[in-house]
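Text of the file entry29.txt, holding compact mmCIF, C-alpha atoms:
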# COMPACT_ATOMS: atom_id res chain seq x y z
CA MET A 1 74.83 13.51 73.30
CA ALA A 2 75.98 17.08 73.80
CA VAL A 3 78.64 16.08 76.35
CA ILE A 4 80.04 13.43 74.00
CA PHE A 5 80.09 15.95 71.14
CA LEU A 6 81.91 18.48 73.34
CA ASN A 7 84.42 15.79 74.34
CA LEU A 8 85.07 15.07 70.67
CA LEU A 9 85.67 18.77 69.98
CA VAL A 10 87.85 19.42 73.03
CA ASN A 11 89.93 16.26 72.63
CA TRP A 12 89.93 16.19 68.82
CA ASP A 13 93.63 15.35 68.60
CA LYS A 14 93.15 12.12 70.59
CA ALA A 15 89.51 11.23 70.01
CA GLY A 16 88.76 12.04 66.39
CA ALA A 17 91.78 13.11 64.38
CA LYS A 18 93.24 9.61 64.07
CA HIS A 19 90.01 8.02 62.87
CA PHE A 20 89.16 10.99 60.65
CA SER A 21 92.55 10.90 58.93
CA GLU A 22 92.27 7.14 58.27
CA ALA A 23 88.78 7.28 56.71
CA PRO A 24 87.17 10.74 56.58
CA LEU A 25 83.97 9.61 54.87
CA GLY A 26 83.59 6.56 57.10
CA PHE A 27 84.10 8.67 60.21
CA ILE A 28 81.46 11.20 59.15
CA VAL A 29 78.99 8.49 58.13
CA SER A 30 79.45 6.62 61.41
CA GLN A 31 78.98 9.79 63.48
CA VAL A 32 75.80 10.74 61.59
CA ALA A 33 74.48 7.16 61.82
CA PHE A 34 75.18 7.04 65.57
CA LEU A 35 73.32 10.35 66.05
CA GLY A 36 70.44 9.05 63.94
CA VAL A 37 70.15 5.87 65.99
CA GLN A 38 70.11 7.90 69.20
CA ILE A 39 67.38 10.19 67.84
CA LEU A 40 65.36 7.14 66.71
CA TRP A 41 65.76 5.58 70.17
CA VAL A 42 64.57 8.77 71.89
CA TRP A 43 61.59 8.85 69.52
CA LEU A 44 60.74 5.23 70.39
CA VAL A 45 60.83 5.94 74.12
CA VAL A 46 59.33 9.41 74.24
CA ARG A 47 56.82 9.54 71.39
CA ARG A 48 55.90 5.92 70.79
CA ARG A 49 56.26 4.95 74.48
CA VAL A 50 57.64 1.51 73.60
CA ASN A 51 58.23 -0.28 76.89
CA TRP A 52 60.86 -2.74 75.66
CA ALA A 53 63.01 0.19 74.50
CA ARG A 54 63.01 1.54 78.06
CA TRP A 55 64.22 -1.75 79.50
CA VAL A 56 66.86 -2.17 76.80
CA THR A 57 68.07 1.37 77.50
CA LEU A 58 68.29 0.71 81.23
CA GLY A 59 70.19 -2.54 80.71
CA ALA A 60 72.54 -0.97 78.19
CA GLN A 61 73.33 1.90 80.56
CA PHE A 62 74.34 -0.46 83.35
CA VAL A 63 76.38 -2.64 80.99
CA MET A 64 78.20 0.42 79.60
CA MET A 65 78.92 1.74 83.10
CA PHE A 66 80.34 -1.66 84.06
CA VAL A 67 82.47 -1.90 80.90
CA ILE A 68 83.75 1.67 81.26
CA GLY A 69 84.52 1.22 84.95
CA LEU A 70 86.18 -2.15 84.44
CA GLY A 71 88.21 -0.89 81.48
CA PHE A 72 89.49 2.22 83.21
CA GLY A 73 90.21 0.26 86.38
CA MET A 74 92.33 -2.24 84.46
CA LEU A 75 94.18 0.48 82.55
CA ALA A 76 94.88 2.50 85.68
CA GLY A 77 96.00 -0.63 87.53
CA LYS A 78 98.51 -1.48 84.81
CA GLY A 79 99.73 2.12 84.57
CA ARG A 80 98.59 2.56 80.97
CA SER A 81 95.95 5.19 81.55
CA ASP A 82 96.97 7.96 79.16
CA GLY A 83 93.73 9.95 79.26
CA THR A 84 93.66 13.64 80.03
CA VAL A 85 91.81 15.31 82.86
CA SER A 86 89.27 16.79 80.45
CA GLU A 87 88.53 13.31 79.04
CA LEU A 88 87.91 12.03 82.56
CA VAL A 89 85.62 14.98 83.36
CA PHE A 90 83.62 14.45 80.16
CA LEU A 91 83.39 10.71 80.88
CA ILE A 92 82.06 11.34 84.39
CA LEU A 93 79.57 13.93 83.07
CA ALA A 94 78.35 11.65 80.27
CA THR A 95 77.97 8.67 82.61
CA SER A 96 76.08 10.79 85.14
CA PHE A 97 73.71 12.11 82.46
CA TYR A 98 73.18 8.60 81.06
CA LEU A 99 72.33 7.29 84.52
CA LEU A 100 69.96 10.20 85.18
CA ALA A 101 68.26 9.65 81.81
CA ALA A 102 67.86 5.93 82.50
CA CYS A 103 66.28 6.67 85.88
CA LEU A 104 63.91 9.24 84.37
CA LEU A 105 62.67 6.65 81.88
CA PHE A 106 60.66 5.00 84.64
CA THR A 107 59.11 8.03 86.33
CA ARG A 108 55.36 8.55 86.32
CA ASP A 109 55.57 11.40 83.81
CA ALA A 110 57.51 9.20 81.37
CA VAL A 111 54.59 6.80 80.98
Same coordinates, now as structure tokens:
Amino acid sequence: MAVIFLNLLVNWDKAGAKHFSEAPLGFIVSQVAFLGVQILWVWLVVRRRVNWARWVTLGAQFVMMFVIGLGFGMLAGKGRSDGTVSELVFLILATSFYLLAACLLFTRDAV
């Protein structure tokens, strides 16, 4: 979550300014709701130890990595990749942390 927040701050002109200028209240509400859902999900996995939440998280991580990889591959192949280097670095960091978190869900200490 911290890496995505840093990406939003660093790349505000591309990532957030457009959506914020179109609907400031909607943008703020959606960001707070997204953070709340993530906190709820962590609570389900860590505190409540709900097993189905772990499997859903693992599946969602692999689906998101596939979608992100496929999307960037298609954009780069067509020459329409207009992302900056910092966006790519933040994307790689976030994907790495998501994959690490998904793997740690199934360690012995996580049970």
Considering all atoms listed in the file, can you say which of A:Ser86, A:Thr95, A:Gln38, A:Thr107 comes closest to Leu6 of chain A? A:Ser86
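By chain and then residue number, the residues within 10 Å of Ala101 of chain A are Thr57, Leu58, Gln61, Thr95, Ser96, Phe97, Leu105 and Phe106 of chain A, counting all atoms listed in the file and disregarding those fewer than 4 positions away in sequence.
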Gln31 of chain A environment, 12 Å, only C-alpha atoms, sequence neighbours closer than 4 positions dropped, as a list in words: Met1, Ile4, Phe5, Leu8, Gly16, His19, Phe20, Pro24, Leu25, Gly26, Phe27, Leu35, Gly36, Val37 and Gln38 of chain A
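For the pair atom CA of Gly59 of chain A and atom CA of Ala94 of chain A, the interatomic distance is 16.4 Å.
Computed from the coordinates, the atom CA of Met64 of chain A to atom CA of Val32 of chain A distance equals 20.9 Å.
One distance worth recording is that between atom CA of Trp43 of chain A and atom CA of Asn7 of chain A, which is 24.3 Å.
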